[in-house]
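Chemist: Just passing along the structure, written as structure tokens.
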Amino acid sequence: MPARPEQSAFDFGDDPVVPVNAARPRSSSTESIPRAAVTELVVRVRPDQPAIDRLFDYTVPASLCDQIRVGTMVRIPLHGRRVGGWIVEVDVDPDPSLTLQSIAGVSGWGPPSSVLELAQWAAWRWAGRTATVLRTASPPRVVRAVPRRDVRPAPVPVTVASDELTGLAREAFNLPVSTIRLPPTSDVHPLLVSAAARGPLLVIGPSAATMRRLSMRMRRAGVEVALLPDDWAGARAGSVCVFGTRAAAWAPIAEVATVVVLDEHDESLQQEQAPTWHARDVAIERARRAGAPCVLVSPMPSSEARQLGPVLVPSRAAERSGWPMVDVVDRRDAPPGEGLFSEKFVAALRGEGRVVCILNRKGRSRLLGCAGCGALATCERCQASVTQSDEGVLVCGSCASVRPLICTNCGTTKMRNLRAGVTRVREELEALVREPVSDLTGDSDLSLGGTGARVIIGTEAALHQINEAAVVAFLDFDQELLAARYRASEEALALLVRAARLLGARERGGRLLIQTRLPDHEVVQSALHADPSRLAASDDERRKMLRLPPYRAMAAVSGVSAPAWIAALGTQSAIEVLGPSDGRWLLRADDHQTLCDVIASVPRPAGRLRIEMDPLRV
DNA sequence: CGGACAAGCTGA
DNA sequence: CAGCTTGTCCGG
């Protein structure tokens, strides 16, 4: 393959680049005698160590001047050692009382200036350090050169049928922030093609596999695409569509005409480690700064999205066809002893095609009772309930001590499994269908061989690892509906969305089977009627009443220096301090502006302090 | 972050 | 009081 022409550092168009001879004499009002006609170029650098949250000035050797621009990654001498850093400003007037050192070298290309500024905003918004965010925004490996790209006209979409979706898209492109409610199995490709016709497009979604697939289809449609994180240099070259997962919110593009966030409701769009930035919110701010529309897409728009802008809804018929058929198995009057296998489930199991059974409990048993005296099996040390591991021994859920399978009350070794886990249910299923049944949990490694079994039982991890099924059955959906998390309902519906994608559109005939004692629950009803607004309505009410996000801004504070920091925070009328519980405080304010400003105003003591903005658990 | 330097602790 | 640990400061 012929080598691609590489562009030299200074014929690149997006940022103002310093000409080689930019080192100009600085006019200094405090000096009456003019300095030498040519002084050295001075740059301001942010070190890549998050703990050093300051900027430092350095001179640039003439030999490196042509590689210097805002964002360039450099090595700098600092306090007797060398650290990395980003140039944040070029040609600055340094404090004349300082003697500057010279940068030690240029390591490569970095984010454009707009992303540098966005990172600084995110550091405020999620109470973190700018350098932490900038690391995410920087190339995974050193980028020495960026490909030259001839700017070509944006491709005209190959007459995408002027269907409903493109109509909704046109509406969305005229709004700063909006959400398109697209059912789980519908195809977003036409939407992306019409967005790409508007100019540089940024597409962010939760799944790397999906983003790869969508980017390849886009390429086949004649659009130049850079897929992150691999093609960072290609994205940096500009005039291209960029696809990627949550970190792509920091894609190194100077200009963007449209930003699209797919599966906006998905929790994996939020970073788990602090700062806990959310790709949706970064994307919205980014689009706002660029004057571009931000289009959120989701089969079940989050309450955050509903708060941020209008939700554009397809016709009832279109939405219905994008959800699978749902069988709700009402277990309220299940005969005792029927266990997890209802008649309807057994019938579905005996049909054709792959059956994926979901039970969010690992191991053999999560709750055991003695077959002799009826006592619940508990830990000898801490009284918590014990579970039975894959190996058959009893393990305490809270102190992890292990003991053999014996009743501490009467000495019997016969135990009744009151809440079976995946390992045990796999054996029962195998006995029932008389064919091999595979189990699949987060610990399973599918890369070796994969599971060829027709019937699969797994935790929700199975929904990420299998991509096709004729039936998906939730054996105990109440566990999801009743989980003690404030987002439990949304998380439960998100599981049904995942399941729907294994089944495909309604016309394919796949069945989504839900065993529950709460058949009237909004989550179940939303899936049954292909109408997520049923959950949305009740969710908004509840969140308003309980003063939860998005009606309030919240942050969780923990870590060894949390008590000291909370003390320094004191009592302020603008924010409410709750806790501590388990060494964790909750802060609440009317909005992010208030909460973030207060947090930023309190200096951080030394030691570990974790501030989790917009926590998933409160 | 991590090097420098100071103050504090230990043992003969 | 040397020799070592622990803590605080600060960087261009």
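Letters A, B, ... mark the chains of the structure tokens in the order given; residue numbers begin at 1 per chain; ligand numbers begin at 1, in order shown.
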Please run DSSP on the backbone and report, as a ChimeraX atom specification, all residues within segment 94-133 of chain A that come out as strand (DSSP E or B).
Modeler: /A:101-102,105-108
Chemist: Counting only C-alpha atoms (C1' of nucleotides), what is within 10 Å of segment 543-551 of chain A, bar same-chain residues fewer than 5 positions away, as a VMD selection string?
Modeler: chain A and resid 302 to 308 486 to 487 538 588 to 592 614 to 616 618
Chemist: Take the residues from that selection and put them in a file with N, CA and C atoms, as a PDB file, in the first residue's frame.
Modeler:
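Final output, saved to result-v9.pdb:
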ATOM      1  N   SER A 302     -34.310   8.842  28.804  1.00  0.00           N
ATOM      2  CA  SER A 302     -34.159   9.002  30.245  1.00  0.00           C
ATOM      3  C   SER A 302     -34.893  10.250  30.708  1.00  0.00           C
ATOM      4  N   SER A 303     -35.142  10.346  32.012  1.00  0.00           N
ATOM      5  CA  SER A 303     -35.812  11.552  32.496  1.00  0.00           C
ATOM      6  C   SER A 303     -34.912  12.761  32.288  1.00  0.00           C
ATOM      7  N   GLU A 304     -33.604  12.553  32.297  1.00  0.00           N
ATOM      8  CA  GLU A 304     -32.676  13.656  32.012  1.00  0.00           C
ATOM      9  C   GLU A 304     -32.921  14.182  30.596  1.00  0.00           C
ATOM     10  N   ALA A 305     -33.021  13.258  29.641  1.00  0.00           N
ATOM     11  CA  ALA A 305     -33.236  13.672  28.249  1.00  0.00           C
ATOM     12  C   ALA A 305     -34.574  14.383  28.100  1.00  0.00           C
ATOM     13  N   ARG A 306     -35.588  13.877  28.787  1.00  0.00           N
ATOM     14  CA  ARG A 306     -36.920  14.479  28.675  1.00  0.00           C
ATOM     15  C   ARG A 306     -36.922  15.884  29.239  1.00  0.00           C
ATOM     16  N   GLN A 307     -36.053  16.115  30.205  1.00  0.00           N
ATOM     17  CA  GLN A 307     -35.944  17.432  30.824  1.00  0.00           C
ATOM     18  C   GLN A 307     -35.189  18.409  29.918  1.00  0.00           C
ATOM     19  N   LEU A 308     -34.272  17.860  29.094  1.00  0.00           N
ATOM     20  CA  LEU A 308     -33.366  18.698  28.314  1.00  0.00           C
ATOM     21  C   LEU A 308     -33.974  19.239  27.024  1.00  0.00           C
ATOM     22  N   TYR A 486     -32.674   3.803  43.035  1.00  0.00           N
ATOM     23  CA  TYR A 486     -33.726   4.721  42.597  1.00  0.00           C
ATOM     24  C   TYR A 486     -33.977   4.625  41.100  1.00  0.00           C
ATOM     25  N   ARG A 487     -33.026   4.053  40.360  1.00  0.00           N
ATOM     26  CA  ARG A 487     -33.231   3.900  38.923  1.00  0.00           C
ATOM     27  C   ARG A 487     -33.654   2.491  38.548  1.00  0.00           C
ATOM     28  N   SER A 538     -44.867   7.986  35.290  1.00  0.00           N
ATOM     29  CA  SER A 538     -44.829   7.711  36.727  1.00  0.00           C
ATOM     30  C   SER A 538     -43.454   8.034  37.301  1.00  0.00           C
ATOM     31  N   ARG A 588     -27.053  17.991  47.844  1.00  0.00           N
ATOM     32  CA  ARG A 588     -28.157  18.262  46.924  1.00  0.00           C
ATOM     33  C   ARG A 588     -28.332  19.764  46.773  1.00  0.00           C
ATOM     34  N   ALA A 589     -28.563  20.193  45.542  1.00  0.00           N
ATOM     35  CA  ALA A 589     -28.834  21.609  45.260  1.00  0.00           C
ATOM     36  C   ALA A 589     -29.889  21.691  44.174  1.00  0.00           C
ATOM     37  N   ASP A 590     -30.395  22.899  43.959  1.00  0.00           N
ATOM     38  CA  ASP A 590     -31.458  23.062  42.972  1.00  0.00           C
ATOM     39  C   ASP A 590     -30.979  22.763  41.556  1.00  0.00           C
ATOM     40  N   ASP A 591     -29.728  23.106  41.270  1.00  0.00           N
ATOM     41  CA  ASP A 591     -29.225  22.864  39.918  1.00  0.00           C
ATOM     42  C   ASP A 591     -27.711  22.657  39.958  1.00  0.00           C
ATOM     43  N   HIS A 592     -27.162  22.251  38.824  1.00  0.00           N
ATOM     44  CA  HIS A 592     -25.727  21.973  38.756  1.00  0.00           C
ATOM     45  C   HIS A 592     -24.893  23.220  38.938  1.00  0.00           C
ATOM     46  N   ASP A 614     -23.852  13.328  40.020  1.00  0.00           N
ATOM     47  CA  ASP A 614     -24.964  12.581  39.425  1.00  0.00           C
ATOM     48  C   ASP A 614     -24.854  11.086  39.725  1.00  0.00           C
ATOM     49  N   PRO A 615     -24.738  10.706  41.015  1.00  0.00           N
ATOM     50  CA  PRO A 615     -24.509   9.292  41.327  1.00  0.00           C
ATOM     51  C   PRO A 615     -25.670   8.402  40.881  1.00  0.00           C
ATOM     52  N   LEU A 616     -25.330   7.189  40.461  1.00  0.00           N
ATOM     53  CA  LEU A 616     -26.360   6.243  40.018  1.00  0.00           C
ATOM     54  C   LEU A 616     -27.128   5.678  41.205  1.00  0.00           C
ATOM     55  N   VAL A 618     -28.323   6.661  45.235  1.00  0.00           N
ATOM     56  CA  VAL A 618     -28.320   7.745  46.224  1.00  0.00           C
ATOM     57  C   VAL A 618     -28.637   7.223  47.622  1.00  0.00           C
TER      58      VAL A 618
END
Chemist: Which residues are close to segment 455-466 of chain A, i.e. within 6 Å by only C-alpha atoms (C1' of nucleotides), leaving aside same-chain residues fewer than 6 positions away? Reply as a compact mmCIF listing (two decimals) with N, CA, C and O atoms, in the first residue's frame.
Modeler:
# COMPACT_ATOMS: atom_id res chain seq x y z
N ARG A 354 -33.33 -20.67 19.41
CA ARG A 354 -32.54 -20.44 20.63
C ARG A 354 -33.41 -19.79 21.71
O ARG A 354 -34.18 -18.87 21.45
N VAL A 355 -33.23 -20.29 22.94
CA VAL A 355 -33.94 -19.74 24.09
C VAL A 355 -32.90 -19.22 25.08
O VAL A 355 -32.01 -19.96 25.49
N VAL A 356 -32.98 -17.94 25.41
CA VAL A 356 -32.07 -17.35 26.39
C VAL A 356 -32.88 -17.05 27.65
O VAL A 356 -33.86 -16.29 27.60
N CYS A 357 -32.49 -17.69 28.76
CA CYS A 357 -33.19 -17.47 30.03
C CYS A 357 -32.34 -16.56 30.90
O CYS A 357 -31.13 -16.76 31.02
N ILE A 358 -32.97 -15.56 31.50
CA ILE A 358 -32.23 -14.60 32.30
C ILE A 358 -32.65 -14.70 33.76
O ILE A 358 -33.84 -14.66 34.10
N LEU A 359 -31.64 -14.87 34.62
CA LEU A 359 -31.85 -14.90 36.07
C LEU A 359 -30.65 -14.21 36.68
O LEU A 359 -29.53 -14.69 36.54
N ASN A 360 -30.89 -13.06 37.32
CA ASN A 360 -29.76 -12.28 37.81
C ASN A 360 -29.23 -12.78 39.16
O ASN A 360 -29.09 -12.01 40.09
N VAL A 437 -27.52 -27.60 28.18
CA VAL A 437 -27.87 -26.21 28.46
C VAL A 437 -26.60 -25.52 28.93
O VAL A 437 -25.88 -26.05 29.77
N SER A 438 -26.30 -24.35 28.37
CA SER A 438 -25.09 -23.61 28.78
C SER A 438 -25.44 -22.55 29.80
O SER A 438 -26.54 -21.99 29.76
N ASP A 439 -24.50 -22.26 30.70
CA ASP A 439 -24.72 -21.09 31.56
C ASP A 439 -23.72 -20.01 31.20
O ASP A 439 -22.63 -20.27 30.72
N LEU A 440 -24.14 -18.79 31.43
CA LEU A 440 -23.38 -17.63 30.96
C LEU A 440 -23.53 -16.52 32.00
O LEU A 440 -24.62 -16.02 32.24
N THR A 441 -22.40 -16.16 32.63
CA THR A 441 -22.44 -15.04 33.57
C THR A 441 -21.33 -14.08 33.19
O THR A 441 -20.62 -14.30 32.21
N GLY A 442 -21.16 -13.04 33.98
CA GLY A 442 -20.10 -12.08 33.70
C GLY A 442 -18.73 -12.72 33.70
O GLY A 442 -17.79 -12.22 33.08
Chemist: Per residue of chain C within 10 Å of chain A, which atom pair is closest and at what distance in Å (one decimal), using only C-alpha atoms (C1' of nucleotides), listed by chain and increasing number, as CSV?
Modeler:
residue,atom,partner,partner_atom,distance
C:DC10,C1',A:His79,CA,8.2
C:DG11,C1',A:His79,CA,4.9
C:DG12,C1',A:Phe56,CA,4.8
Chemist: Those selected residues, please, written with N, CA and C atoms (P, O5', C5', C4', C3', O3' and C1' of nucleotides) and delivered as a PDB file, in the first residue's frame.
Modeler:
ATOM      1  P    DC C  10       5.309  26.501  49.751  1.00  0.00           P
ATOM      2  O5'  DC C  10       5.741  25.961  48.316  1.00  0.00           O
ATOM      3  C5'  DC C  10       7.113  25.663  48.063  1.00  0.00           C
ATOM      4  C4'  DC C  10       7.196  25.030  46.703  1.00  0.00           C
ATOM      5  C3'  DC C  10       6.348  25.749  45.646  1.00  0.00           C
ATOM      6  O3'  DC C  10       7.157  25.933  44.516  1.00  0.00           O
ATOM      7  C1'  DC C  10       5.879  23.439  45.644  1.00  0.00           C
ATOM      8  P    DG C  11       6.797  27.120  43.498  1.00  0.00           P
ATOM      9  O5'  DG C  11       7.584  26.564  42.227  1.00  0.00           O
ATOM     10  C5'  DG C  11       8.835  25.912  42.389  1.00  0.00           C
ATOM     11  C4'  DG C  11       8.921  24.755  41.418  1.00  0.00           C
ATOM     12  C3'  DG C  11       8.530  25.113  39.988  1.00  0.00           C
ATOM     13  O3'  DG C  11       9.362  24.417  39.088  1.00  0.00           O
ATOM     14  C1'  DG C  11       7.122  23.389  40.777  1.00  0.00           C
ATOM     15  P    DG C  12      10.505  25.191  38.360  1.00  0.00           P
ATOM     16  O5'  DG C  12       9.743  25.869  37.161  1.00  0.00           O
ATOM     17  C5'  DG C  12       9.191  25.039  36.152  1.00  0.00           C
ATOM     18  C4'  DG C  12       8.726  25.911  35.037  1.00  0.00           C
ATOM     19  C3'  DG C  12       9.741  26.925  34.527  1.00  0.00           C
ATOM     20  O3'  DG C  12       9.581  27.077  33.136  1.00  0.00           O
ATOM     21  C1'  DG C  12       7.874  28.070  35.384  1.00  0.00           C
TER      22       DG C  12
END
Chemist: Give the residues of chain B that lie within 12 Å of chain A; count only C-alpha atoms (C1' of nucleotides), and format the answer as a list in words.
Modeler: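 Putting it all together, I get DC1, DG2, DG3 and DA4 of chain B.
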Chemist: What is the distance between atom CA of Ile87 of chain A and atom CA of Gly71 of chain A, in Å to one decimal?
Modeler: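 Between atom CA of Ile87 of chain A and atom CA of Gly71 of chain A the gap is 5.1 Å.
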Chemist: Between atom CA of Cys407 of chain A and atom CA of Ala377 of chain A, what distance in Å does the model show, to one decimal?
Modeler: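 Computed distance, atom CA of Cys407 of chain A to atom CA of Ala377 of chain A, equals 6.6 Å.
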Chemist: Calculate how many Å separate atom CA of Leu228 of chain A from atom CA of Val142 of chain A, rounding to one decimal.
Modeler: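 Atom-to-atom, atom CA of Leu228 of chain A and atom CA of Val142 of chain A are spaced 14.6 Å apart.
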Chemist: Using backbone DSSP assignments, extract all alpha helix (DSSP H) residues from segment 108-278 of chain A; output them as JSON, numbers by chain.
Modeler: {"A": [113, 114, 115, 116, 117, 118, 119, 120, 121, 122, 123, 124, 125, 130, 131, 132, 133, 134, 135, 136, 137, 164, 165, 166, 167, 168, 169, 170, 171, 172, 173, 189, 190, 191, 192, 193, 194, 195, 196, 208, 209, 210, 211, 212, 213, 214, 215, 216, 217, 218, 219, 220, 232, 233, 234, 235, 236]}
Chemist: Can you pull out every residue within 12 Å of Ser315 of chain A, counting only C-alpha atoms (C1' of nucleotides), but drop anything in the same chain fewer than 2 positions away, and send it as a list in words?
Modeler: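 Once the adjacent positions are removed, what remains is Asp163, Glu164, Leu165, Gly167, Leu168, Ile180, Arg181, Leu182, Pro183, Leu312, Val313, Ala317, Ala318, Glu319, Arg320, Ser321, Gly322, Ala530 and Asp531 of chain A.
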Chemist: Write the residues of the preceding selection, restricted to N, CA and C atoms, as a PDB file, in the first residue's frame.
Modeler:
ATOM      1  N   ASP A 163     -39.036   8.640   4.731  1.00  0.00           N
ATOM      2  CA  ASP A 163     -39.923   7.958   5.675  1.00  0.00           C
ATOM      3  C   ASP A 163     -40.037   8.792   6.955  1.00  0.00           C
ATOM      4  N   GLU A 164     -40.746   8.219   7.890  1.00  0.00           N
ATOM      5  CA  GLU A 164     -40.955   8.887   9.174  1.00  0.00           C
ATOM      6  C   GLU A 164     -39.661   9.299   9.851  1.00  0.00           C
ATOM      7  N   LEU A 165     -38.701   8.392   9.847  1.00  0.00           N
ATOM      8  CA  LEU A 165     -37.460   8.635  10.588  1.00  0.00           C
ATOM      9  C   LEU A 165     -36.739   9.876  10.081  1.00  0.00           C
ATOM     10  N   GLY A 167     -38.053  12.316   8.588  1.00  0.00           N
ATOM     11  CA  GLY A 167     -38.882  13.455   8.974  1.00  0.00           C
ATOM     12  C   GLY A 167     -38.563  13.899  10.389  1.00  0.00           C
ATOM     13  N   LEU A 168     -38.476  12.927  11.313  1.00  0.00           N
ATOM     14  CA  LEU A 168     -38.128  13.242  12.701  1.00  0.00           C
ATOM     15  C   LEU A 168     -36.729  13.839  12.769  1.00  0.00           C
ATOM     16  N   ILE A 180     -34.977  11.567  19.893  1.00  0.00           N
ATOM     17  CA  ILE A 180     -35.843  10.788  19.011  1.00  0.00           C
ATOM     18  C   ILE A 180     -36.080   9.449  19.687  1.00  0.00           C
ATOM     19  N   ARG A 181     -37.344   9.137  19.951  1.00  0.00           N
ATOM     20  CA  ARG A 181     -37.667   7.857  20.600  1.00  0.00           C
ATOM     21  C   ARG A 181     -37.795   6.796  19.515  1.00  0.00           C
ATOM     22  N   LEU A 182     -36.750   6.006  19.392  1.00  0.00           N
ATOM     23  CA  LEU A 182     -36.693   5.021  18.315  1.00  0.00           C
ATOM     24  C   LEU A 182     -36.757   3.639  18.945  1.00  0.00           C
ATOM     25  N   PRO A 183     -37.725   2.802  18.571  1.00  0.00           N
ATOM     26  CA  PRO A 183     -37.874   1.511  19.255  1.00  0.00           C
ATOM     27  C   PRO A 183     -36.617   0.642  19.133  1.00  0.00           C
ATOM     28  N   LEU A 312     -39.198  13.502  20.288  1.00  0.00           N
ATOM     29  CA  LEU A 312     -39.899  13.317  19.021  1.00  0.00           C
ATOM     30  C   LEU A 312     -40.273  11.845  18.899  1.00  0.00           C
ATOM     31  N   VAL A 313     -41.549  11.601  18.674  1.00  0.00           N
ATOM     32  CA  VAL A 313     -42.065  10.240  18.767  1.00  0.00           C
ATOM     33  C   VAL A 313     -42.585   9.783  17.402  1.00  0.00           C
ATOM     34  N   ALA A 317     -47.812   2.876  15.098  1.00  0.00           N
ATOM     35  CA  ALA A 317     -47.578   1.652  14.323  1.00  0.00           C
ATOM     36  C   ALA A 317     -46.080   1.399  14.173  1.00  0.00           C
ATOM     37  N   ALA A 318     -45.327   2.476  13.877  1.00  0.00           N
ATOM     38  CA  ALA A 318     -43.887   2.317  13.681  1.00  0.00           C
ATOM     39  C   ALA A 318     -43.226   1.883  14.980  1.00  0.00           C
ATOM     40  N   GLU A 319     -43.645   2.482  16.091  1.00  0.00           N
ATOM     41  CA  GLU A 319     -43.015   2.133  17.353  1.00  0.00           C
ATOM     42  C   GLU A 319     -43.347   0.693  17.751  1.00  0.00           C
ATOM     43  N   ARG A 320     -44.594   0.330  17.574  1.00  0.00           N
ATOM     44  CA  ARG A 320     -45.010  -1.040  17.909  1.00  0.00           C
ATOM     45  C   ARG A 320     -44.218  -2.086  17.130  1.00  0.00           C
ATOM     46  N   SER A 321     -43.977  -1.795  15.851  1.00  0.00           N
ATOM     47  CA  SER A 321     -43.308  -2.801  15.030  1.00  0.00           C
ATOM     48  C   SER A 321     -41.845  -2.971  15.429  1.00  0.00           C
ATOM     49  N   GLY A 322     -41.308  -2.012  16.186  1.00  0.00           N
ATOM     50  CA  GLY A 322     -39.909  -2.106  16.609  1.00  0.00           C
ATOM     51  C   GLY A 322     -39.716  -2.764  17.960  1.00  0.00           C
ATOM     52  N   ALA A 530     -45.381  -1.475  23.879  1.00  0.00           N
ATOM     53  CA  ALA A 530     -44.377  -0.771  23.073  1.00  0.00           C
ATOM     54  C   ALA A 530     -44.483   0.729  23.287  1.00  0.00           C
ATOM     55  N   ASP A 531     -44.675   1.126  24.541  1.00  0.00           N
ATOM     56  CA  ASP A 531     -44.910   2.537  24.843  1.00  0.00           C
ATOM     57  C   ASP A 531     -44.189   2.947  26.127  1.00  0.00           C
TER      58      ASP A 531
END
Chemist: Residues within 12 Å of DC4 of chain C, please, as a list in words. Count only C-alpha atoms (C1' of nucleotides); anything in the same chain fewer than 5 positions from it doesn't count.
Modeler: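 Contacts, with the query itself left out: DG8, DC9, DT10 and DG11 of chain B.
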Chemist: I need the residues from that last selection saved to file as a CSV table (one decimal), in the first residue's frame (with C-alpha atoms (C1' of nucleotides)), if you can.
Modeler:
chain,number,residue,atom,x,y,z
B,8,DG,C1',10.4,14.2,64.8
B,9,DC,C1',11.9,9.6,66.6
B,10,DT,C1',15.3,6.1,67.9
B,11,DG,C1',19.4,4.0,69.8
Chemist: Quick one: residues within 10 Å of segment 474-480 of chain A, only C-alpha atoms (C1' of nucleotides), excluding same-chain residues fewer than 3 positions away - as an NGL selection string?
Modeler: :A and (328-329 or 331 or 339-342 or 345 or 356-361 or 457 or 459-460 or 471 or 483-485 or 488-493 or 495-496 or 499 or 512-519 or 521 or 524)
Chemist: Using only C-alpha atoms, please write the residues we just selected to a file, as a CSV table (one decimal), in the first residue's frame.
Modeler:
chain,number,residue,atom,x,y,z
A,328,VAL,CA,-46.4,-11.5,30.6
A,329,VAL,CA,-46.7,-14.6,32.8
A,331,ARG,CA,-47.1,-15.6,38.8
A,339,GLY,CA,-40.5,-22.9,41.1
A,340,LEU,CA,-39.2,-20.8,38.4
A,341,PHE,CA,-40.7,-22.8,35.5
A,342,SER,CA,-44.2,-21.8,34.6
A,345,PHE,CA,-42.2,-20.9,30.0
A,356,VAL,CA,-32.1,-17.4,26.4
A,357,CYS,CA,-33.2,-17.5,30.0
A,358,ILE,CA,-32.2,-14.6,32.3
A,359,LEU,CA,-31.8,-14.9,36.1
A,360,ASN,CA,-29.8,-12.3,37.8
A,361,ARG,CA,-28.4,-14.6,40.5
A,457,ILE,CA,-29.3,-19.6,31.1
A,459,THR,CA,-27.3,-13.4,34.3
A,460,GLU,CA,-28.0,-10.1,32.4
A,471,VAL,CA,-37.2,-16.5,23.0
A,483,ALA,CA,-34.3,-3.6,43.3
A,484,ALA,CA,-33.4,-1.0,46.0
A,485,ARG,CA,-32.0,1.5,43.6
A,488,ALA,CA,-34.4,0.3,39.3
A,489,SER,CA,-37.4,0.8,37.0
A,490,GLU,CA,-35.3,2.3,34.2
A,491,GLU,CA,-32.7,-0.4,34.6
A,492,ALA,CA,-35.4,-3.1,34.3
A,493,LEU,CA,-36.8,-1.6,31.1
A,495,LEU,CA,-32.9,-5.0,30.2
A,496,LEU,CA,-36.1,-5.6,28.2
A,499,ALA,CA,-33.6,-8.6,25.2
A,512,LEU,CA,-40.1,-11.8,25.1
A,513,LEU,CA,-41.4,-13.8,28.2
A,514,ILE,CA,-41.6,-12.0,31.5
A,515,GLN,CA,-42.4,-14.0,34.7
A,516,THR,CA,-43.6,-11.6,37.4
A,517,ARG,CA,-46.0,-11.1,40.3
A,518,LEU,CA,-46.3,-7.4,39.2
A,519,PRO,CA,-47.9,-7.7,35.8
A,521,HIS,CA,-46.0,-2.6,36.7
A,524,VAL,CA,-43.9,-4.5,32.1
Chemist: So that I can check the surroundings of Trp86 of chain A, please list as a list in words every protein, DNA and RNA residue that reaches within 10 Å of it, counting only C-alpha atoms (C1' of nucleotides) and ignoring chain neighbours fewer than 6 positions away.
Modeler: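 Once the nearby chain positions are removed, what remains is Val43, Arg44, Val45, Arg46, Pro47, Asp48, Leu55, Arg69, Val70, Gly71, Thr72, Met73, Val74, Arg75, Ile76, Val106, Ser107, Gly108, Trp109, Gly110, Pro111, Leu116, Ala131, Leu134, Arg135 and Ser138 of chain A.
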